[in-house]
$ cat protein02.pdb   # PDB, C-alpha atoms, pLDDT in the B column
ATOM      1  CA  MET A   1       0.000   0.000   0.000  1.00 56.00           C
ATOM      2  CA  ALA A   2       1.332   3.414  -0.951  1.00 57.00           C
ATOM      3  CA  THR A   3       2.109   6.085   1.602  1.00 65.00           C
ATOM      4  CA  PHE A   4      -0.324   8.981   1.298  1.00 62.00           C
ATOM      5  CA  SER A   5       0.724  12.620   1.413  1.00 60.00           C
ATOM      6  CA  THR A   6      -1.632  14.983   3.228  1.00 53.00           C
ATOM      7  CA  SER A   7       0.442  18.122   2.943  1.00 48.00           C
ATOM      8  CA  GLY A   8      -0.723  21.393   1.487  1.00 47.00           C
ATOM      9  CA  ASN A   9      -4.092  22.754   0.461  1.00 47.00           C
ATOM     10  CA  ASP A  10      -3.633  22.547  -3.312  1.00 46.00           C
ATOM     11  CA  ALA A  11      -6.926  21.713  -5.018  1.00 46.00           C
ATOM     12  CA  GLN A  12      -4.818  19.971  -7.702  1.00 62.00           C
ATOM     13  CA  HIS A  13      -4.012  17.347  -5.067  1.00 88.00           C
ATOM     14  CA  PRO A  14      -7.146  16.554  -3.060  1.00 96.00           C
ATOM     15  CA  GLY A  15      -6.998  14.954   0.344  1.00 97.00           C
ATOM     16  CA  TYR A  16      -8.361  11.618   1.527  1.00 98.00           C
ATOM     17  CA  LEU A  17     -11.313  10.483   3.611  1.00 98.00           C
ATOM     18  CA  VAL A  18     -10.106   7.794   6.020  1.00 98.00           C
ATOM     19  CA  LEU A  19     -12.666   5.560   7.721  1.00 98.00           C
ATOM     20  CA  LEU A  20     -11.671   3.603  10.835  1.00 98.00           C
ATOM     21  CA  ARG A  21     -14.005   1.045  12.374  1.00 98.00           C
ATOM     22  CA  HIS A  22     -13.840   0.651  16.144  1.00 98.00           C
ATOM     23  CA  GLY A  23     -12.102  -2.320  17.761  1.00 98.00           C
ATOM     24  CA  GLN A  24     -13.629  -5.511  19.103  1.00 98.00           C
ATOM     25  CA  THR A  25     -16.526  -5.395  21.583  1.00 98.00           C
ATOM     26  CA  ALA A  26     -18.310  -8.213  23.371  1.00 97.00           C
ATOM     27  CA  TRP A  27     -21.178  -7.908  20.913  1.00 97.00           C
ATOM     28  CA  SER A  28     -19.020  -7.875  17.803  1.00 96.00           C
ATOM     29  CA  VAL A  29     -17.899 -11.294  19.032  1.00 96.00           C
ATOM     30  CA  SER A  30     -21.409 -12.550  19.842  1.00 96.00           C
ATOM     31  CA  GLY A  31     -22.973 -11.124  16.686  1.00 96.00           C
ATOM     32  CA  GLN A  32     -25.537  -9.001  18.523  1.00 96.00           C
ATOM     33  CA  HIS A  33     -26.679  -5.890  16.677  1.00 96.00           C
ATOM     34  CA  THR A  34     -24.871  -3.008  18.334  1.00 96.00           C
ATOM     35  CA  GLY A  35     -26.339   0.318  17.376  1.00 97.00           C
ATOM     36  CA  ARG A  36     -26.862   2.847  20.134  1.00 96.00           C
ATOM     37  CA  THR A  37     -26.085   0.599  23.116  1.00 97.00           C
ATOM     38  CA  ASP A  38     -22.996   2.222  24.603  1.00 97.00           C
ATOM     39  CA  ILE A  39     -20.697  -0.716  25.162  1.00 97.00           C
ATOM     40  CA  PRO A  40     -16.902  -0.496  25.595  1.00 98.00           C
ATOM     41  CA  LEU A  41     -14.039  -2.130  23.768  1.00 98.00           C
ATOM     42  CA  THR A  42     -12.733  -5.436  25.038  1.00 98.00           C
ATOM     43  CA  ALA A  43      -9.053  -5.738  25.952  1.00 98.00           C
ATOM     44  CA  VAL A  44      -8.542  -7.276  22.513  1.00 98.00           C
ATOM     45  CA  GLY A  45     -10.325  -4.307  20.959  1.00 98.00           C
ATOM     46  CA  GLN A  46      -8.056  -1.887  22.770  1.00 98.00           C
ATOM     47  CA  GLY A  47      -5.003  -3.642  21.363  1.00 98.00           C
ATOM     48  CA  GLN A  48      -6.548  -3.660  17.903  1.00 98.00           C
ATOM     49  CA  ALA A  49      -7.063   0.094  18.120  1.00 98.00           C
ATOM     50  CA  VAL A  50      -3.427   0.680  19.050  1.00 98.00           C
ATOM     51  CA  ALA A  51      -2.314  -1.410  16.078  1.00 98.00           C
ATOM     52  CA  ALA A  52      -4.755   0.370  13.734  1.00 98.00           C
ATOM     53  CA  GLY A  53      -3.388   3.739  14.801  1.00 98.00           C
ATOM     54  CA  ALA A  54       0.128   2.588  13.981  1.00 98.00           C
ATOM     55  CA  ARG A  55      -0.975   1.410  10.528  1.00 98.00           C
ATOM     56  CA  ILE A  56      -2.718   4.700   9.790  1.00 98.00           C
ATOM     57  CA  ARG A  57       0.302   6.755  10.869  1.00 97.00           C
ATOM     58  CA  ARG A  58       2.517   4.594   8.701  1.00 96.00           C
ATOM     59  CA  GLU A  59       0.359   5.345   5.658  1.00 96.00           C
ATOM     60  CA  PHE A  60      -0.318   8.976   6.635  1.00 96.00           C
ATOM     61  CA  PRO A  61       2.994  10.037   8.213  1.00 95.00           C
ATOM     62  CA  GLU A  62       2.063  13.714   8.110  1.00 92.00           C
ATOM     63  CA  GLY A  63      -1.042  12.990  10.160  1.00 93.00           C
ATOM     64  CA  PHE A  64      -4.238  15.007  10.117  1.00 96.00           C
ATOM     65  CA  ALA A  65      -4.626  18.718  10.701  1.00 95.00           C
ATOM     66  CA  GLU A  66      -6.312  19.998  13.839  1.00 94.00           C
ATOM     67  CA  GLY A  67     -10.066  19.705  13.562  1.00 95.00           C
ATOM     68  CA  ARG A  68      -9.882  17.017  10.865  1.00 97.00           C
ATOM     69  CA  VAL A  69     -10.374  13.930  13.102  1.00 98.00           C
ATOM     70  CA  PHE A  70     -13.913  13.003  14.152  1.00 98.00           C
ATOM     71  CA  SER A  71     -15.416  10.231  16.249  1.00 98.00           C
ATOM     72  CA  SER A  72     -18.871   8.848  16.734  1.00 98.00           C
ATOM     73  CA  PRO A  73     -20.250   9.867  20.140  1.00 98.00           C
ATOM     74  CA  LEU A  74     -20.493   6.218  21.190  1.00 98.00           C
ATOM     75  CA  ARG A  75     -17.932   4.948  23.678  1.00 98.00           C
ATOM     76  CA  ARG A  76     -16.450   2.156  21.563  1.00 98.00           C
ATOM     77  CA  ALA A  77     -15.568   4.632  18.819  1.00 98.00           C
ATOM     78  CA  ARG A  78     -14.244   7.269  21.213  1.00 98.00           C
ATOM     79  CA  GLN A  79     -12.075   4.655  22.923  1.00 98.00           C
ATOM     80  CA  THR A  80     -10.777   3.474  19.559  1.00 98.00           C
ATOM     81  CA  ALA A  81      -9.785   7.014  18.626  1.00 98.00           C
ATOM     82  CA  GLN A  82      -8.013   7.401  21.951  1.00 98.00           C
ATOM     83  CA  TYR A  83      -6.123   4.088  21.816  1.00 98.00           C
ATOM     84  CA  ALA A  84      -5.247   4.716  18.160  1.00 98.00           C
ATOM     85  CA  GLY A  85      -3.551   7.947  19.179  1.00 97.00           C
ATOM     86  CA  PHE A  86      -6.224  10.423  18.094  1.00 96.00           C
ATOM     87  CA  SER A  87      -7.378  11.570  21.521  1.00 89.00           C
ATOM     88  CA  GLY A  88      -8.270  15.024  20.203  1.00 91.00           C
ATOM     89  CA  ALA A  89     -11.046  13.690  17.980  1.00 96.00           C
ATOM     90  CA  ALA A  90     -14.137  15.883  17.844  1.00 97.00           C
ATOM     91  CA  THR A  91     -17.548  14.278  18.259  1.00 97.00           C
ATOM     92  CA  CYS A  92     -19.655  13.896  15.121  1.00 98.00           C
ATOM     93  CA  PRO A  93     -23.242  12.715  15.791  1.00 97.00           C
ATOM     94  CA  GLY A  94     -23.715  12.063  12.075  1.00 98.00           C
ATOM     95  CA  ILE A  95     -21.470   8.989  12.237  1.00 98.00           C
ATOM     96  CA  ALA A  96     -23.192   7.311  15.178  1.00 98.00           C
ATOM     97  CA  GLU A  97     -24.066   3.740  14.288  1.00 98.00           C
ATOM     98  CA  TRP A  98     -27.351   2.751  12.646  1.00 98.00           C
ATOM     99  CA  ASP A  99     -30.109   2.778  15.278  1.00 97.00           C
ATOM    100  CA  TYR A 100     -31.254  -0.837  14.984  1.00 96.00           C
ATOM    101  CA  GLY A 101     -34.287  -0.202  17.150  1.00 94.00           C
ATOM    102  CA  ARG A 102     -36.176  -3.464  17.630  1.00 94.00           C
ATOM    103  CA  ALA A 103     -33.144  -5.499  16.516  1.00 94.00           C
ATOM    104  CA  GLU A 104     -30.788  -3.887  19.038  1.00 95.00           C
ATOM    105  CA  GLY A 105     -28.935  -6.407  21.202  1.00 95.00           C
ATOM    106  CA  ARG A 106     -30.291  -9.384  19.271  1.00 94.00           C
ATOM    107  CA  THR A 107     -28.566 -11.632  16.748  1.00 94.00           C
ATOM    108  CA  ARG A 108     -29.918 -12.325  13.281  1.00 93.00           C
ATOM    109  CA  THR A 109     -30.586 -15.927  14.314  1.00 93.00           C
ATOM    110  CA  GLN A 110     -32.572 -14.884  17.374  1.00 91.00           C
ATOM    111  CA  ILE A 111     -34.680 -12.471  15.343  1.00 90.00           C
ATOM    112  CA  SER A 112     -35.300 -14.982  12.546  1.00 91.00           C
ATOM    113  CA  GLU A 113     -36.461 -17.595  15.058  1.00 88.00           C
ATOM    114  CA  ALA A 114     -38.806 -15.185  16.827  1.00 84.00           C
ATOM    115  CA  TRP A 115     -40.032 -13.676  13.551  1.00 83.00           C
ATOM    116  CA  GLN A 116     -40.489 -17.150  12.094  1.00 82.00           C
ATOM    117  CA  GLY A 117     -38.759 -16.198   8.894  1.00 85.00           C
ATOM    118  CA  ASP A 118     -35.328 -15.541   7.419  1.00 91.00           C
ATOM    119  CA  TRP A 119     -34.898 -11.953   8.600  1.00 92.00           C
ATOM    120  CA  ASP A 120     -32.204  -9.859   6.954  1.00 93.00           C
ATOM    121  CA  LEU A 121     -31.378  -6.344   8.151  1.00 94.00           C
ATOM    122  CA  TRP A 122     -30.501  -5.002   4.692  1.00 95.00           C
ATOM    123  CA  ARG A 123     -33.524  -6.493   2.964  1.00 94.00           C
ATOM    124  CA  ASP A 124     -36.182  -6.229   5.675  1.00 92.00           C
ATOM    125  CA  GLY A 125     -35.022  -3.454   7.986  1.00 90.00           C
ATOM    126  CA  THR A 126     -36.115  -3.229  11.598  1.00 88.00           C
ATOM    127  CA  GLN A 127     -39.537  -1.678  11.012  1.00 85.00           C
ATOM    128  CA  VAL A 128     -40.976  -5.047   9.938  1.00 86.00           C
ATOM    129  CA  LEU A 129     -40.497  -6.311  13.486  1.00 88.00           C
ATOM    130  CA  GLY A 130     -43.563  -5.838  15.656  1.00 85.00           C
ATOM    131  CA  HIS A 131     -44.027  -3.520  18.606  1.00 89.00           C
ATOM    132  CA  GLU A 132     -43.578  -6.534  20.884  1.00 88.00           C
ATOM    133  CA  TYR A 133     -39.845  -6.188  20.192  1.00 89.00           C
ATOM    134  CA  GLU A 134     -39.778  -2.751  21.803  1.00 93.00           C
ATOM    135  CA  GLY A 135     -38.821  -2.004  25.403  1.00 95.00           C
ATOM    136  CA  GLU A 136     -35.806  -1.574  27.664  1.00 96.00           C
ATOM    137  CA  HIS A 137     -33.721  -3.982  29.687  1.00 95.00           C
ATOM    138  CA  ASP A 138     -30.303  -4.294  31.300  1.00 96.00           C
ATOM    139  CA  GLU A 139     -27.796  -6.776  29.944  1.00 95.00           C
ATOM    140  CA  LEU A 140     -24.675  -8.090  31.637  1.00 96.00           C
ATOM    141  CA  LEU A 141     -21.514  -8.055  29.534  1.00 96.00           C
ATOM    142  CA  PRO A 142     -18.809 -10.743  29.965  1.00 95.00           C
ATOM    143  CA  SER A 143     -16.664  -8.087  31.678  1.00 94.00           C
ATOM    144  CA  GLY A 144     -19.252  -7.787  34.460  1.00 96.00           C
ATOM    145  CA  GLU A 145     -20.469  -4.371  33.314  1.00 96.00           C
ATOM    146  CA  THR A 146     -24.205  -3.855  32.901  1.00 97.00           C
ATOM    147  CA  VAL A 147     -25.463  -1.866  29.918  1.00 96.00           C
ATOM    148  CA  ARG A 148     -28.921  -0.505  29.165  1.00 96.00           C
ATOM    149  CA  VAL A 149     -30.490  -1.802  25.934  1.00 96.00           C
ATOM    150  CA  ARG A 150     -33.281   0.254  24.395  1.00 96.00           C
ATOM    151  CA  ASN A 151     -35.422  -1.250  21.652  1.00 95.00           C
ATOM    152  CA  THR A 152     -37.258   1.553  19.875  1.00 94.00           C
ATOM    153  CA  ALA A 153     -38.630   1.964  16.347  1.00 91.00           C
ATOM    154  CA  GLY A 154     -35.074   2.611  15.116  1.00 93.00           C
ATOM    155  CA  GLU A 155     -33.961   3.961  11.750  1.00 96.00           C
ATOM    156  CA  ALA A 156     -34.763   2.879   8.211  1.00 95.00           C
ATOM    157  CA  LEU A 157     -31.822   2.396   5.852  1.00 97.00           C
ATOM    158  CA  ASP A 158     -32.812   5.467   3.831  1.00 97.00           C
ATOM    159  CA  GLU A 159     -32.700   7.564   7.010  1.00 97.00           C
ATOM    160  CA  VAL A 160     -29.213   6.333   7.830  1.00 98.00           C
ATOM    161  CA  ALA A 161     -28.119   7.017   4.253  1.00 98.00           C
ATOM    162  CA  ALA A 162     -29.458  10.573   4.432  1.00 98.00           C
ATOM    163  CA  ARG A 163     -27.521  11.144   7.647  1.00 98.00           C
ATOM    164  CA  ALA A 164     -24.345   9.738   6.084  1.00 98.00           C
ATOM    165  CA  ARG A 165     -24.868  11.855   2.969  1.00 98.00           C
ATOM    166  CA  GLY A 166     -24.916  14.942   5.147  1.00 98.00           C
ATOM    167  CA  VAL A 167     -21.500  14.010   6.559  1.00 98.00           C
ATOM    168  CA  VAL A 168     -20.136  13.474   3.041  1.00 98.00           C
ATOM    169  CA  GLU A 169     -21.410  16.892   1.995  1.00 98.00           C
ATOM    170  CA  ASP A 170     -19.702  18.457   5.015  1.00 97.00           C
ATOM    171  CA  VAL A 171     -16.280  16.863   4.461  1.00 98.00           C
ATOM    172  CA  LEU A 172     -16.168  16.993   0.663  1.00 97.00           C
ATOM    173  CA  PRO A 173     -15.022  20.648   0.447  1.00 97.00           C
ATOM    174  CA  VAL A 174     -12.212  19.847   2.891  1.00 97.00           C
ATOM    175  CA  ILE A 175     -11.077  16.879   0.780  1.00 97.00           C
ATOM    176  CA  GLU A 176     -11.318  18.940  -2.410  1.00 96.00           C
ATOM    177  CA  GLY A 177      -9.225  21.610  -0.719  1.00 95.00           C
ATOM    178  CA  GLY A 178      -6.325  19.211  -0.204  1.00 96.00           C
ATOM    179  CA  GLU A 179      -6.796  18.195   3.421  1.00 97.00           C
ATOM    180  CA  SER A 180      -7.513  14.699   4.721  1.00 97.00           C
ATOM    181  CA  VAL A 181     -10.181  13.732   7.245  1.00 98.00           C
ATOM    182  CA  LEU A 182     -10.335  10.744   9.608  1.00 98.00           C
ATOM    183  CA  LEU A 183     -13.689   9.371  10.783  1.00 98.00           C
ATOM    184  CA  VAL A 184     -13.690   6.824  13.629  1.00 98.00           C
ATOM    185  CA  ALA A 185     -17.005   5.047  13.791  1.00 98.00           C
ATOM    186  CA  HIS A 186     -18.835   1.776  13.125  1.00 98.00           C
ATOM    187  CA  ALA A 187     -19.127  -0.888  10.439  1.00 98.00           C
ATOM    188  CA  HIS A 188     -22.587  -0.195   9.069  1.00 98.00           C
ATOM    189  CA  ILE A 189     -22.552   3.602   9.130  1.00 98.00           C
ATOM    190  CA  LEU A 190     -19.108   3.694   7.499  1.00 98.00           C
ATOM    191  CA  ARG A 191     -20.174   1.227   4.805  1.00 98.00           C
ATOM    192  CA  ILE A 192     -23.350   3.217   4.143  1.00 98.00           C
ATOM    193  CA  LEU A 193     -21.354   6.454   4.129  1.00 98.00           C
ATOM    194  CA  THR A 194     -19.123   4.895   1.486  1.00 98.00           C
ATOM    195  CA  THR A 195     -22.120   4.254  -0.772  1.00 98.00           C
ATOM    196  CA  GLN A 196     -23.083   7.900  -0.422  1.00 98.00           C
ATOM    197  CA  TRP A 197     -19.530   8.949  -1.284  1.00 98.00           C
ATOM    198  CA  LEU A 198     -19.817   6.814  -4.422  1.00 98.00           C
ATOM    199  CA  GLY A 199     -23.364   7.965  -5.188  1.00 98.00           C
ATOM    200  CA  VAL A 200     -24.820   4.438  -5.262  1.00 98.00           C
ATOM    201  CA  ASP A 201     -27.753   2.668  -3.611  1.00 98.00           C
ATOM    202  CA  PRO A 202     -27.140   2.268   0.151  1.00 98.00           C
ATOM    203  CA  HIS A 203     -28.016  -1.447  -0.116  1.00 98.00           C
ATOM    204  CA  VAL A 204     -24.613  -1.880  -1.816  1.00 98.00           C
ATOM    205  CA  ALA A 205     -23.085  -1.361   1.641  1.00 98.00           C
ATOM    206  CA  LYS A 206     -24.009  -4.957   2.465  1.00 97.00           C
ATOM    207  CA  LEU A 207     -21.280  -6.061   0.039  1.00 98.00           C
ATOM    208  CA  LEU A 208     -18.521  -3.993   1.675  1.00 98.00           C
ATOM    209  CA  ARG A 209     -16.900  -6.007   4.446  1.00 98.00           C
ATOM    210  CA  LEU A 210     -15.248  -3.880   7.130  1.00 98.00           C
ATOM    211  CA  ASP A 211     -13.571  -5.707  10.018  1.00 98.00           C
ATOM    212  CA  THR A 212     -13.001  -4.417  13.531  1.00 98.00           C
ATOM    213  CA  ALA A 213     -10.179  -1.859  13.795  1.00 98.00           C
ATOM    214  CA  HIS A 214      -9.623  -1.866  10.020  1.00 98.00           C
ATOM    215  CA  PHE A 215      -9.530   1.293   7.968  1.00 98.00           C
ATOM    216  CA  SER A 216     -10.480   2.268   4.439  1.00 98.00           C
ATOM    217  CA  VAL A 217      -9.526   5.218   2.258  1.00 98.00           C
ATOM    218  CA  LEU A 218     -11.862   7.151  -0.042  1.00 98.00           C
ATOM    219  CA  SER A 219     -10.516   9.680  -2.498  1.00 98.00           C
ATOM    220  CA  LEU A 220     -11.087  11.730  -5.626  1.00 97.00           C
ATOM    221  CA  TYR A 221      -9.722  10.422  -8.925  1.00 95.00           C
ATOM    222  CA  LYS A 222     -10.104  12.392 -12.173  1.00 93.00           C
ATOM    223  CA  GLY A 223     -13.120  14.120 -10.740  1.00 90.00           C
ATOM    224  CA  ASP A 224     -14.837  10.954  -9.497  1.00 96.00           C
ATOM    225  CA  ARG A 225     -15.348   9.891  -5.899  1.00 98.00           C
ATOM    226  CA  VAL A 226     -13.745   6.474  -5.534  1.00 98.00           C
ATOM    227  CA  ILE A 227     -12.570   3.813  -3.087  1.00 98.00           C
ATOM    228  CA  ASP A 228      -8.787   4.008  -2.872  1.00 97.00           C
ATOM    229  CA  HIS A 229      -8.144   1.167  -0.394  1.00 96.00           C
ATOM    230  CA  TRP A 230     -10.545  -0.996   1.591  1.00 98.00           C
ATOM    231  CA  ASN A 231     -10.446  -2.960   4.864  1.00 98.00           C
ATOM    232  CA  VAL A 232      -6.751  -2.398   5.561  1.00 96.00           C
TER     233      VAL A 232
END
$ encode --input "protein02.pdb" --output "structure tokens"
Amino acid sequence: MATFSTSGNDAQHPGYLVLLRHGQTAWSVSGQHTGRTDIPLTAVGQGQAVAAGARIRREFPEGFAEGRVFSSPLRRARQTAQYAGFSGAATCPGIAEWDYGRAEGRTRTQISEAWQGDWDLWRDGTQVLGHEYEGEHDELLPSGETVRVRNTAGEALDEVAARARGVVEDVLPVIEGGESVLLVAHAHILRILTTQWLGVDPHVAKLLRLDTAHFSVLSLYKGDRVIDHWNV
């Protein structure tokens, strides 16, 4: 992978949009949908974040200018930014994870069994699940910490895409002006944001695998918005 230069503000040489997924959590291991439940990184996730930060600095040795690093407001993303060496990250509500609503805290298998059908988040969304899936409860994590799980109506994919599109519109002038931006967030919102960068249907995000504590690079090439590197 080539080393990227982020120096200067020459529009002839646009910057890059770097997307970093947070490190491992207990629910990324269990497969539970983790939207707005504010769970922390595991010890493994903390180590992954440190390693991801080193990889990003190796590829972007000049770093990111002040005010060009943003994190989701959720704890797992903020911790990832901190362990990766970007403790000054500003909070960006627009890159909070998809609000899974009635699917929150449940696995696809659990939902399919209760729904009595092959439920798929990307195809069916969370709105197809009945009001009986709504409510609040506390759940004990393997670490011994208790977290509050809230099952609400949640967000439709188009709503998440609109939110992501707003973030793209905000950062695009910065990228065009020659500066690079780092977003530290979550798998689904970053994949959906990528579809909005590319100008394609948000359902395409299902095909973009993004592992814990891996980063991707979006850029401008001959006037087009493209994927430069993925899942590094």
$ resolve_selection --input "protein02.pdb" --expression "the PyMOL selection byres ((chain A and resi 81) around 10)" --output "ChimeraX atom specification"
/A:20-23,46,49-50,52-53,69-72,75-80,82-90,182-185
$ residues_around --input "protein02.pdb" --residues "Gln24 (chain A)" --least-positions-apart "4" --cutoff "12 Å" --atoms "all atoms listed in the file" --output "PyMOL selection string"
chain A and resi 28-31+34+39-50+52+76-77+79-80+186-187+211-214
$ residues_around --input "protein02.pdb" --residues "region 158-167 of chain A" --least-positions-apart "2" --cutoff "6 Å" --atoms "only C-alpha atoms" --output "list in words"
Gly94, Ala156, Glu169, Asp170, Leu193 and Gln196 of chain A
$ atom_distance --input "protein02.pdb" --atom1 "CA of Phe64 (chain A)" --atom2 "CA of Ala51 (chain A)"
17.6 Å
$ axis_aligned_box --input "protein02.pdb" --around "region 130-139 of chain A" --padding-each-side "5 Å" --output "AutoDock Vina command-line options"
--center_x -35.9 --center_y -4.2 --center_z 23.5 --size_x 26.2 --size_y 15.2 --size_z 25.6
$ resolve_selection --input "protein02.pdb" --expression "the PyMOL selection byres ((chain A and resi 173) around 12)" --output "list in words"
Asn9, Ala11, Pro14, Gly15, Tyr16, Leu17, Val167, Val168, Glu169, Asp170, Val171, Leu172, Val174, Ile175, Glu176, Gly177, Gly178, Glu179, Ser180, Val181 and Leu220 of chain A
$ closest_residue --input "protein02.pdb" --among "A:Trp197, A:Tyr133, A:Phe215, A:Trp119" --to "His229 (chain A)" --atoms "all atoms listed in the file"
A:Phe215
$ closest_residue --input "protein02.pdb" --among "A:Gly105, A:Leu141, A:Gly154, A:Thr146" --to "Gln127 (chain A)" --atoms "only C-alpha atoms"
A:Gly154
$ atom_distance --input "protein02.pdb" --atom1 "CA of Thr91 (chain A)" --atom2 "CA of Arg68 (chain A)"
11.0 Å
